[in-house]
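**Student:** Mind having a look at this structure? Questions to follow.
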Amino acid sequence: MQRYFIDQQFKEGSPIIIDGENFHHIVRVMRMTEDSMFYVGFLDGESAKVKIETISNDCLQAGIVQWESDEKEMPVKITIASGLPKGDKLELIIQKGTELGAVEFVPFTADRSIVKWDEKKAKKKVERWGKIAKEAAEQSHRQQVPIVHSPVSLKKLVSFAGDYEYKIVAFEEDAKLGEQSNLAGVLKAAKPGDRILAVFGPEGGLTEKEVDTLKENGFLSCGLGPRIMRAETAPFYLLSAASYQFELMR
């Protein structure tokens, strides 16, 4: 059954009105009619199965059939901070990272980032990333759409990190040296509701200077097993490990 996120809070007694791109997809693409049902995700994270009551030229009205009780979100809240990679790799990180449970994405400009951020194209780029996250959240039946930020500097990323219970940075030199306990220790210590900020480098990885800066500001450097992963693969490894720890083992 299809799922759509809408920009409104649910209010008892108020109609659920769906218009814009969601309306177009429901009526023009999926060919739904009155009495058709689908899931709706509200701004507050609540979700419900709804049924179409009326359809007009540019919007539809739906009513609640049943509130969704199953929890689809990961118990810990993981933010993925990625050094800007080249091509469409960040889009892949956002899409698959959303499917795997990340709640936030923070691109940042790293020393080895090949891509140079173009402020003139910034608005359209960030809108596209947000749309990718929304579509991936709908496809994977998430109950919330991850937040996608505009790229920041490493300095800004450090200041952004203050509200997290755990801050880690994946460093391939640690993996080469055989470090394999720090990530496991964080996942074992974290409790439901805790926030984890995980930093990954671009192609070529992070420099020792960047990692030292992060460590000086409370980040824990860790390896991700014995193999060296691509910039777009490493976040998926961490999210999968967290899902196993908090969802499959509970």
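Note on naming: chains are A, B, ... as they come in the structure tokens, residues start from 1 per chain, ligands start from 1 in the order shown.
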Counting only C-alpha atoms, what is within 12 Å of Lys77 (chain A), bar same-chain residues fewer than 5 positions away, as a list in words?
**Tutor:**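 Here the qualifying residues turn out to be Thr98, Leu100, Gly101, Ala102, Val103, Glu104, Phe105, Gln144, Pro146, Ile147, Asp163, Tyr164, Glu165, Tyr166, Lys167, Leu187, Ala190, Lys191, Pro192, Gly193, Asp194, Arg195, Ile196, Leu197, Ala198, Leu239, Ala242, Ser243 and Phe246 of chain A.
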**Student:** Extract the full set of helix (DSSP H, G or I) residues from region 50-121 of chain A according to DSSP on the backbone, and format it as a list in words.
**Tutor:**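 Matching residues, listed in order: Lys89, Leu90, Glu91, Leu92, Ile93, Ile94, Gln95, Lys96, Gly97, Thr98, Glu99, Glu119, Lys120 and Lys121 of chain A.
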**Student:** Mind dumping the selected residues with N, CA and C atoms as a PDB file, in the first residue's frame?
**Tutor:**
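Result file is result01.pdb:
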ATOM      1  N   LYS A  89      26.910  10.409  -5.882  1.00  0.00           N
ATOM      2  CA  LYS A  89      27.091   9.500  -4.745  1.00  0.00           C
ATOM      3  C   LYS A  89      26.346   9.963  -3.498  1.00  0.00           C
ATOM      4  N   LEU A  90      26.265  11.275  -3.298  1.00  0.00           N
ATOM      5  CA  LEU A  90      25.538  11.762  -2.124  1.00  0.00           C
ATOM      6  C   LEU A  90      24.057  11.428  -2.238  1.00  0.00           C
ATOM      7  N   GLU A  91      23.519  11.480  -3.459  1.00  0.00           N
ATOM      8  CA  GLU A  91      22.125  11.101  -3.659  1.00  0.00           C
ATOM      9  C   GLU A  91      21.905   9.641  -3.257  1.00  0.00           C
ATOM     10  N   LEU A  92      22.871   8.787  -3.597  1.00  0.00           N
ATOM     11  CA  LEU A  92      22.777   7.373  -3.213  1.00  0.00           C
ATOM     12  C   LEU A  92      22.844   7.221  -1.705  1.00  0.00           C
ATOM     13  N   ILE A  93      23.743   7.972  -1.062  1.00  0.00           N
ATOM     14  CA  ILE A  93      23.863   7.917   0.396  1.00  0.00           C
ATOM     15  C   ILE A  93      22.548   8.329   1.054  1.00  0.00           C
ATOM     16  N   ILE A  94      21.916   9.388   0.540  1.00  0.00           N
ATOM     17  CA  ILE A  94      20.650   9.860   1.107  1.00  0.00           C
ATOM     18  C   ILE A  94      19.539   8.843   0.878  1.00  0.00           C
ATOM     19  N   GLN A  95      19.460   8.311  -0.334  1.00  0.00           N
ATOM     20  CA  GLN A  95      18.395   7.357  -0.644  1.00  0.00           C
ATOM     21  C   GLN A  95      18.506   6.088   0.191  1.00  0.00           C
ATOM     22  N   LYS A  96      19.642   5.436   0.129  1.00  0.00           N
ATOM     23  CA  LYS A  96      19.813   4.169   0.843  1.00  0.00           C
ATOM     24  C   LYS A  96      19.947   4.375   2.347  1.00  0.00           C
ATOM     25  N   GLY A  97      20.559   5.498   2.731  1.00  0.00           N
ATOM     26  CA  GLY A  97      20.647   5.803   4.156  1.00  0.00           C
ATOM     27  C   GLY A  97      19.279   6.011   4.775  1.00  0.00           C
ATOM     28  N   THR A  98      18.357   6.612   4.014  1.00  0.00           N
ATOM     29  CA  THR A  98      16.978   6.759   4.480  1.00  0.00           C
ATOM     30  C   THR A  98      16.325   5.399   4.645  1.00  0.00           C
ATOM     31  N   GLU A  99      16.497   4.536   3.666  1.00  0.00           N
ATOM     32  CA  GLU A  99      15.922   3.193   3.753  1.00  0.00           C
ATOM     33  C   GLU A  99      16.452   2.439   4.967  1.00  0.00           C
ATOM     34  N   GLU A 119      27.112  27.764  -4.692  1.00  0.00           N
ATOM     35  CA  GLU A 119      26.011  28.406  -3.981  1.00  0.00           C
ATOM     36  C   GLU A 119      24.876  28.809  -4.915  1.00  0.00           C
ATOM     37  N   LYS A 120      25.194  29.062  -6.185  1.00  0.00           N
ATOM     38  CA  LYS A 120      24.162  29.465  -7.141  1.00  0.00           C
ATOM     39  C   LYS A 120      23.166  28.327  -7.397  1.00  0.00           C
ATOM     40  N   LYS A 121      23.647  27.113  -7.285  1.00  0.00           N
ATOM     41  CA  LYS A 121      22.791  25.955  -7.534  1.00  0.00           C
ATOM     42  C   LYS A 121      22.309  25.302  -6.235  1.00  0.00           C
TER      43      LYS A 121
END
**Student:** Please return, as a tab-separated table (two decimals) with C-alpha atoms, in the first residue's frame, all residues of region 27-193 of chain A that DSSP assigns to strand (DSSP E or B) on the basis of the backbone.
**Tutor:**
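Result went into result11.tsv, see below:
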chain	number	residue	atom	x	y	z
A	37	MET	CA	-6.79	3.56	0.80
A	38	PHE	CA	-3.17	4.49	1.46
A	39	TYR	CA	-0.94	5.54	4.35
A	40	VAL	CA	-0.32	9.14	5.37
A	41	GLY	CA	2.58	10.39	7.47
A	47	SER	CA	0.92	7.86	10.57
A	48	ALA	CA	-2.38	6.27	9.64
A	49	LYS	CA	-4.22	4.34	6.98
A	50	VAL	CA	-6.68	6.69	5.31
A	51	LYS	CA	-9.51	6.37	2.79
A	52	ILE	CA	-10.33	8.85	0.04
A	53	GLU	CA	-13.69	10.50	0.66
A	54	THR	CA	-13.89	13.07	-2.14
A	55	ILE	CA	-11.77	14.09	-5.14
A	59	CYS	CA	-7.08	18.10	-4.23
A	60	LEU	CA	-8.69	15.25	-2.34
A	61	GLN	CA	-10.10	14.79	1.13
A	62	ALA	CA	-9.40	11.65	3.14
A	63	GLY	CA	-10.48	10.22	6.49
A	64	ILE	CA	-8.65	8.11	9.07
A	65	VAL	CA	-9.35	4.38	8.88
A	66	GLN	CA	-6.77	3.15	11.39
A	67	TRP	CA	-3.78	4.64	13.17
A	77	LYS	CA	18.71	8.57	16.02
A	78	ILE	CA	21.65	8.47	13.63
A	79	THR	CA	22.89	11.46	11.64
A	80	ILE	CA	25.18	10.80	8.68
A	81	ALA	CA	27.75	13.51	7.96
A	82	SER	CA	29.43	12.90	4.60
A	83	GLY	CA	32.38	14.71	3.08
A	104	GLU	CA	19.48	13.36	9.24
A	105	PHE	CA	22.13	14.01	6.59
A	106	VAL	CA	24.81	16.70	6.86
A	107	PRO	CA	27.13	17.05	3.84
A	108	PHE	CA	30.35	18.92	4.57
A	109	THR	CA	33.26	20.25	2.55
A	147	ILE	CA	16.29	16.16	7.36
A	148	VAL	CA	18.83	17.00	4.66
A	152	VAL	CA	28.66	23.02	5.90
A	153	SER	CA	32.34	23.48	6.76
A	166	TYR	CA	27.82	9.94	20.79
A	167	LYS	CA	30.07	11.32	18.06
A	168	ILE	CA	32.18	9.03	15.91
A	169	VAL	CA	34.38	9.42	12.85
A	170	ALA	CA	35.16	6.52	10.52
**Student:** Find the residues near Lys72 (chain A): any atom within 9 Å, counting only C-alpha atoms, skip ones fewer than 4 places away on the same chain, and give them as a list of chain:residue names.
**Tutor:**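 The filter keeps A:Gly101, A:His141, A:Arg142, A:Gln143.
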**Student:** Show which residues sit within 10 Å of Val126 (chain A), as a ChimeraX atom specification. Count only C-alpha atoms, and ignore same-chain residues fewer than 5 positions away.
**Tutor:** /A:121,131-132,148-151
**Student:** When you count only C-alpha atoms, which of these residues is closest to Tyr4 (chain A): A:Ala137, A:Val27, A:Ile228, A:Ala161?
**Tutor:**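 Among the listed residues, A:Ala137 lies closest to Tyr4 (chain A).
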**Student:** Which residue, A:Phe200, A:Gly178, A:Glu138, A:Gln2, has the smallest gap to Val29 (chain A) when you use only C-alpha atoms?
**Tutor:**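 The shortest atom-to-atom distance to Val29 (chain A) comes from A:Gln2.
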**Student:** Could you jot down the CA of Glu208 (chain A) to CA of Leu220 (chain A) separation for me, Å, one decimal place?
**Tutor:** 13.5 Å
**Student:** As a PyMOL selection string, please: the residues near Arg112 (chain A) (cut-off 8 Å, only C-alpha atoms, same-chain neighbours under 5 positions excluded).
**Tutor:** chain A and resi 202-207
